[in-house]
Amino acid sequence: MRILVLGAGFGGLELTTRLATELGDDVEIVLIDRAAGFVFGFSKLDVMFGRTTAPAVHHPYGDAVRPGVQFVQTVIRSIDPSTRRVETDAGSFDGDVLVVALGADLDPAATPGLLEAGCEYYTVEGAFAAREVLDGFRGGRVIVGVTSTPFKCPPAPSETALMMHDFLVARGLRDASEIALVMPLPAPIPPSPFASAALLAAFAERDIAWHPQRIVRGLDPERKVALLADGDEMPFDLFLGVPTHRVPAVVAESGLCVDGWIPVNPLTLETAYPDVYAVGDVTSVGTPKAGVFSERQASVVADRLIARHRGEESTSTYDGVGICYVEFGHHRVARVEVTFRSGERPNGRFEEPSVALLADKSEFGTSRIRRWFGRDWTSY
Ligand SMILES: Cc1cc2nc3c(=O)[nH]c(=O)nc-3n(C[C@H](O)[C@H](O)[C@H](O)COP(=O)(O)OP(=O)(O)OC[C@H]3O[C@@H](n4cnc5c(N)ncnc54)[C@H](O)[C@@H]3O)c2cc1C
């Protein structure tokens, strides 16, 4: 069996690692990504706020090559789901099974004024560049603002506001600054009322202004004001923006999408095309766009492919569970476990922020790098 995996993010890395570990050379696995290496989403915040450096959070794919896996660094230009064939800058590839794990692309240019007057910090380049902007910041009005939905890692803007507070305190700039958080959601983490309450309390304690159910539609670079969808304006000296998300163009053109994302069977991750699966941010499976969900979906696809290779019937189905660590600043991290099942109300469990959970979060990153890349790493 030849398995073609598009995208080496959380989903692609977990899938190919599981397949290579459990099936070895028995299957042929081709993993394609345009990037030279992997960067965790949370590492973007760590670099931006000066906790670590850009080279320290870059994990080159060259290290991840395992028996049975061929990694190809190239841009995918077209996907034909009916023949499971892709065209890339490095030629054509096809598979008996195709897994699309190409994530969500970010389009900062879709928000007028964002690139001219603000910093988007969701791309790797944007977050690393924001670090320099923060280094030169001398205090003033800071807005952390979301510009469209859906967006990856819904807790990340709240974490950004709290980390911004710590950053300004450490530099003696907090008294000269204001922080506002503009989010389209009604609560910081809607499926977890306890996590939301803890975040709202942390905002109040730190004098962070919370603007729920509001969205930034653009920035006016001349007047340095954020233009909100409800017609309001908010002046800023520093704007940290979450840009528009959409499927990569190659996915949009593949015929796999409905309403902008790839629909899948929520239990098996199968698309409408035989032997074509999709996992993670690129899908509309019904979970938030976060690495933990992509990884768990990939694991279900791995179970199913391993069973198929062994001639067995797979009973593995996706359960919608994800565990997420939330930075509260002050060297504390909270833990939220959320379950999203189709037809049921999402529900979440919350563990209060603590220093101990900071170590758990670090182990989350360390364990993935050990498993996917076979080497030691600590986040910072
Ligand atoms: C600031 C921030 C903090 C975050 N914190 C967390 C967190 O704490 N926990 C968590 O679980 N998630 C977090 N996330 C979200 C997480 O990073 C993503 O949801 C996750 O990476 C999605 O995994 P994926 O496998 O679906 O896609 P991705 O990891 O995005 O992988 C997709 C891959 O496809 C490749 N690709 C795309 N198009 C092409 C093409 N045409 N040709 C070749 N390759 C292509 C990309 O290079 C990429 O490597 C955070 C995100 C941000 C921005």
# chains A, B, ... in the order shown; residues from 1 in each chain; ligands from 1

$ residues_around --residues "stretch 87-91 of chain A" --least-positions-apart "5" --cutoff "12 Å" --atoms "only C-alpha atoms" --output "PyMOL selection string"
chain A and resi 6+32-34+71-81+250+254

$ select_by_dssp --residues "stretch 55-194 of chain A" --states "helix (DSSP H, G or I)" --output "ChimeraX atom specification"
/A:55-57,61-64,108-110,114-117,124-135,156-170,193-194

$ residues_around --residues "A:Ile306" --least-positions-apart "4" --cutoff "7 Å" --atoms "only C-alpha atoms" --output "list in words"
Leu19, Ala302 and Arg310 of chain A

$ write_last_selection --atoms "C-alpha atoms" --output "JSON list (two decimals), in the first residue's frame"
[["chain", "number", "residue", "atom", "x", "y", "z"],
["A", 19, "LEU", "CA", 2.30, 4.21, 10.31],
["A", 302, "ALA", "CA", -3.60, 5.57, 11.32],
["A", 310, "ARG", "CA", -3.44, -6.32, 8.32]]

$ atom_distance --atom1 "atom CA of A:Gly95" --atom2 "atom CA of A:Gly286"
27.2 Å

$ residues_near_ligand --ligand "ligand 1" --cutoff "7 Å" --atoms "only C-alpha atoms and all ligand atoms" --output "ChimeraX atom specification"
/A:6-12,32-35,38,40-42,44-45,74-77,101-105,121-123,152-153,156,248,250,279-282,289-295,324-326

$ select_by_dssp --residues "stretch 117-288 of chain A" --states "strand (DSSP E or B)" --output "PyMOL selection string"
chain A and resi 119-120+141-146+178-182+208-211+216-220+225-228+233-235+238-242+244-246+258+261-262+270+276-278+283

$ write_last_selection --atoms "N, CA and C atoms" --output "compact mmCIF listing (two decimals), in the first residue's frame"
# COMPACT_ATOMS: atom_id res chain seq x y z
N CYS A 119 0.48 44.16 13.34
CA CYS A 119 1.32 42.95 13.26
C CYS A 119 0.38 41.78 13.28
N GLU A 120 0.46 40.91 12.26
CA GLU A 120 -0.26 39.65 12.41
C GLU A 120 0.75 38.70 13.05
N ARG A 141 -1.38 52.19 23.71
CA ARG A 141 -2.62 51.40 23.61
C ARG A 141 -2.37 50.15 22.75
N VAL A 142 -2.57 48.97 23.35
CA VAL A 142 -2.36 47.71 22.65
C VAL A 142 -3.72 47.06 22.41
N ILE A 143 -3.97 46.65 21.17
CA ILE A 143 -5.17 45.85 20.88
C ILE A 143 -4.72 44.48 20.39
N VAL A 144 -5.28 43.43 21.00
CA VAL A 144 -5.16 42.08 20.45
C VAL A 144 -6.52 41.84 19.79
N GLY A 145 -6.53 41.67 18.45
CA GLY A 145 -7.82 41.65 17.75
C GLY A 145 -7.95 40.53 16.75
N VAL A 146 -9.13 39.92 16.70
CA VAL A 146 -9.44 38.85 15.75
C VAL A 146 -10.17 39.48 14.56
N GLU A 178 -2.35 50.44 27.82
CA GLU A 178 -3.67 49.83 27.99
C GLU A 178 -3.69 48.58 27.10
N ILE A 179 -4.40 47.55 27.55
CA ILE A 179 -4.53 46.34 26.71
C ILE A 179 -6.01 46.06 26.51
N ALA A 180 -6.40 45.87 25.24
CA ALA A 180 -7.79 45.50 24.93
C ALA A 180 -7.77 44.23 24.09
N LEU A 181 -8.75 43.35 24.34
CA LEU A 181 -8.87 42.09 23.60
C LEU A 181 -10.21 42.07 22.88
N VAL A 182 -10.18 42.02 21.54
CA VAL A 182 -11.41 42.06 20.73
C VAL A 182 -11.60 40.69 20.09
N ILE A 208 -7.26 44.26 31.82
CA ILE A 208 -7.30 44.02 30.37
C ILE A 208 -8.77 44.18 29.93
N ALA A 209 -9.03 45.08 28.99
CA ALA A 209 -10.42 45.33 28.56
C ALA A 209 -10.87 44.22 27.62
N TRP A 210 -11.99 43.60 27.94
CA TRP A 210 -12.50 42.43 27.18
C TRP A 210 -13.69 42.87 26.33
N HIS A 211 -13.58 42.67 25.02
CA HIS A 211 -14.64 43.07 24.09
C HIS A 211 -15.17 41.83 23.37
N VAL A 216 -12.71 42.83 14.31
CA VAL A 216 -12.03 43.92 13.63
C VAL A 216 -12.10 43.68 12.13
N ARG A 217 -12.62 44.65 11.39
CA ARG A 217 -12.75 44.49 9.93
C ARG A 217 -11.59 45.13 9.17
N GLY A 218 -10.88 46.08 9.82
CA GLY A 218 -9.77 46.71 9.13
C GLY A 218 -9.07 47.69 10.07
N LEU A 219 -7.91 48.19 9.61
CA LEU A 219 -7.18 49.21 10.35
C LEU A 219 -7.05 50.43 9.45
N ASP A 220 -7.14 51.59 10.04
CA ASP A 220 -6.87 52.82 9.28
C ASP A 220 -5.44 53.23 9.63
N VAL A 225 -6.38 53.66 13.89
CA VAL A 225 -7.58 53.18 14.59
C VAL A 225 -8.00 51.84 13.98
N ALA A 226 -8.52 50.97 14.85
CA ALA A 226 -9.09 49.71 14.38
C ALA A 226 -10.56 49.96 14.07
N LEU A 227 -11.01 49.44 12.91
CA LEU A 227 -12.39 49.64 12.47
C LEU A 227 -13.16 48.35 12.78
N LEU A 228 -14.13 48.45 13.66
CA LEU A 228 -14.88 47.26 14.07
C LEU A 228 -16.10 47.06 13.18
N GLU A 233 -14.85 52.53 16.44
CA GLU A 233 -13.41 52.66 16.16
C GLU A 233 -12.65 52.57 17.48
N MET A 234 -11.48 51.95 17.44
CA MET A 234 -10.64 51.88 18.65
C MET A 234 -9.23 52.33 18.28
N PRO A 235 -8.72 53.39 18.90
CA PRO A 235 -7.35 53.83 18.60
C PRO A 235 -6.32 52.86 19.17
N LEU A 238 -0.26 49.80 19.15
CA LEU A 238 0.24 48.50 18.72
C LEU A 238 -0.95 47.59 18.51
N PHE A 239 -1.07 47.03 17.28
CA PHE A 239 -2.18 46.12 17.00
C PHE A 239 -1.62 44.74 16.69
N LEU A 240 -2.01 43.75 17.51
CA LEU A 240 -1.59 42.36 17.29
C LEU A 240 -2.80 41.61 16.76
N GLY A 241 -2.76 41.20 15.48
CA GLY A 241 -3.96 40.71 14.82
C GLY A 241 -3.94 39.23 14.46
N VAL A 242 -5.11 38.62 14.59
CA VAL A 242 -5.33 37.25 14.11
C VAL A 242 -5.93 37.37 12.72
N THR A 244 -7.23 36.44 8.62
CA THR A 244 -8.21 35.56 7.98
C THR A 244 -7.62 34.17 7.73
N HIS A 245 -8.42 33.15 8.03
CA HIS A 245 -8.02 31.75 7.77
C HIS A 245 -8.84 31.21 6.59
N ARG A 246 -8.20 30.42 5.76
CA ARG A 246 -8.93 29.70 4.71
C ARG A 246 -8.12 28.47 4.30
N VAL A 258 -16.65 22.09 0.73
CA VAL A 258 -18.03 22.58 0.73
C VAL A 258 -18.04 23.73 1.74
N TRP A 261 -14.40 24.52 3.50
CA TRP A 261 -13.57 23.54 4.22
C TRP A 261 -13.93 22.14 3.74
N ILE A 262 -13.09 21.15 4.07
CA ILE A 262 -13.37 19.79 3.57
C ILE A 262 -14.32 19.06 4.54
N GLU A 270 -13.20 10.12 6.69
CA GLU A 270 -13.24 9.86 5.24
C GLU A 270 -13.91 11.04 4.54
N VAL A 276 -9.80 8.63 0.24
CA VAL A 276 -9.25 9.97 0.50
C VAL A 276 -9.78 10.42 1.87
N TYR A 277 -8.83 10.68 2.77
CA TYR A 277 -9.15 11.16 4.11
C TYR A 277 -8.69 12.61 4.23
N ALA A 278 -9.28 13.33 5.20
CA ALA A 278 -8.76 14.66 5.53
C ALA A 278 -8.79 14.81 7.04
N THR A 283 -10.35 20.69 7.61
CA THR A 283 -11.69 20.09 7.57
C THR A 283 -12.73 20.96 8.27

$ residues_around --residues "A:Leu185" --least-positions-apart "6" --cutoff "8 Å" --atoms "only C-alpha atoms" --output "PyMOL selection string"
chain A and resi 212-214

$ residues_around --residues "stretch 160-177 of chain A" --least-positions-apart "4" --cutoff "6 Å" --atoms "only C-alpha atoms" --output "list in words"
Gly139, Gly140, Arg141, Phe328 and Gly329 of chain A

$ residues_around --residues "stretch 192-195 of chain A" --least-positions-apart "3" --cutoff "10 Å" --atoms "only C-alpha atoms" --output "VMD selection string"
chain A and resid 155 187 to 189 198 to 201 326 334 to 339 346 to 353
